[in-house]
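*Asks:* Structure provided below as structure tokens; questions to follow.
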Amino acid sequence: AQSVTQPDIHITVSEGASLELRCNYSYGATPYLFWYVQSPGQGLQLLLKYFSGDTLVQGIKGFEAEFKRSQSSFNLRKPSVHWSDAAEYFCAGNTGGFKTIFGAGTRLFVKA
Amino acid sequence: KAGVTQTPRYLIKTRGQQVTLSCSPISGHRSVSWYQQTPGQGLQFLFEYFSETQRNKGNFPGRFSGRQFSNSRSEMNVSTLELGDSALYLCASSSTGFGFVNTGELFFGEGSRLTVL
């Protein structure tokens with residue numbers, strides 16, 4: 001069955017430190033992959049997307065993600081975290097069908 | 001360009017009642033998807049509509065239904081509400097369809113927060 005897995009339920013990072021959020025997918029073919037961010041009480045905002053081509057994709061707010069086919073992973077990274085990055089992050093996938101599947105989410109806490 | 005608009009933003013109902021939620025997609029978007037978000041279950045896919053046709057449906061009971069109008073606006077309805085239906089209901093639109101590659105990129109509204117007492 002198609003699935004997207006985020007193994008970390010929550011992560012705490014110090015402000016200014018680097019961040020990596022993990023995402024693994026299980027699909028028959030390489031899906032289109034996305035990272036979304038959700039602030040409390042809000043909808044989801046797209047951070048970045050991977051369709052094809054370069055395996056390192058740049059997104060908004062200084063985020064980037066690397067697609068690794070051999071590891072079925074699409075990890076999100078940021079070199080220096082800001083307090084305003086505290087939110088919940090969702091990885092998602094779609095193979096061109098009518099249903100986008102989301103991971104369970106990783107809540108990011110940023111400590112001063 | 002206006003974003004996805006969901007109404008109402010907040011509502012409180014009691015068990016056994018029914019509720020209708022509305023979603024207006026981004027202008028030009030013809031696909032609308034609905035998701036239920038709860039702390040325990042995360043984002044669960046409810047259904048997706050395109051040109052007034054339901055193309056995909058998640059694993060929810062028949063109490064959950066939806067429809068799409070000719071102007072692409074969509075509504076979802078939950079009948080005979082249960083306590084477990086308390087959730088944030090998110091609507092997302094997409095530019096999938098004729099002339100567009102269906103990539104699954106979604107644009108979300110802020111959601112309708114339903115509390116069932």
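Chain labels A, B, ... are given in the sequence in which chains occur in the structure tokens; within each chain residues are numbered consecutively from 1, and ligands are likewise numbered from 1 in the order shown.
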Chain B near chain A within 7 Å: what's each residue's closest atom pair and its distance in Å to one decimal, counting only C-alpha atoms, ordered by chain then ascending residue number, as CSV?

*Replies:*
```
residue,atom,partner,partner_atom,distance
B:Gly42,CA,A:Ala104,CA,5.3
B:Leu43,CA,A:Phe102,CA,6.4
B:Glu48,CA,A:Phe98,CA,6.7
B:Arg55,CA,A:Phe98,CA,6.7
B:Asn56,CA,A:Phe98,CA,6.2
B:Leu90,CA,A:Gly43,CA,6.9
B:Asn102,CA,A:Gly96,CA,5.1
B:Thr103,CA,A:Gly96,CA,5.3
B:Gly104,CA,A:Asn94,CA,5.5
B:Phe108,CA,A:Leu44,CA,5.7
B:Gly109,CA,A:Gly43,CA,5.5
B:Glu110,CA,A:Gly43,CA,4.0
B:Gly111,CA,A:Gly43,CA,5.9
```

*Asks:* Save the residues we just selected, C-alpha atoms, as a PDB file, in the first residue's frame?

*Replies:*
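Result file follows (again_34.pdb):
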```pdb
ATOM      1  CA  GLY B  42      -3.299  13.077  11.557  1.00  0.00           C
ATOM      2  CA  LEU B  43      -4.548  14.082   8.119  1.00  0.00           C
ATOM      3  CA  GLU B  48     -11.827  14.541  -3.940  1.00  0.00           C
ATOM      4  CA  ARG B  55     -13.091  10.769  -8.194  1.00  0.00           C
ATOM      5  CA  ASN B  56     -11.742   9.274  -5.004  1.00  0.00           C
ATOM      6  CA  LEU B  90      -9.422  21.060   5.743  1.00  0.00           C
ATOM      7  CA  ASN B 102      -1.864  16.185 -11.957  1.00  0.00           C
ATOM      8  CA  THR B 103       0.995  16.571  -9.514  1.00  0.00           C
ATOM      9  CA  GLY B 104      -1.061  16.506  -6.353  1.00  0.00           C
ATOM     10  CA  PHE B 108      -5.226  24.626   1.641  1.00  0.00           C
ATOM     11  CA  GLY B 109      -7.801  26.743   3.364  1.00  0.00           C
ATOM     12  CA  GLU B 110      -7.515  27.543   7.057  1.00  0.00           C
ATOM     13  CA  GLY B 111     -10.023  24.866   7.961  1.00  0.00           C
TER      14      GLY B 111
END
```

*Asks:* Contacts of Val81 in chain A at 8 Å or less, counting only C-alpha atoms, minus same-chain residues fewer than 6 places along, as a ChimeraX atom specification?

*Replies:* /A:13-19,110

*Asks:* By how many Å are CA of Lys61 in chain A and CA of Thr7 in chain B apart?

*Replies:*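 Between these atoms lies a distance of 28.6 Å.
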
*Asks:* State, in Å with one decimal place, the distance from CA of Asp54 in chain A to CA of Asp85 in chain A.

*Replies:*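 Interatomic distance here is 25.3 Å.
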
*Asks:* Please compute the CA of Asp8 in chain A-CA of Thr106 in chain A distance, one decimal, in Å.

*Replies:*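 Separation of CA of Asp8 in chain A and CA of Thr106 in chain A: 5.8 Å.
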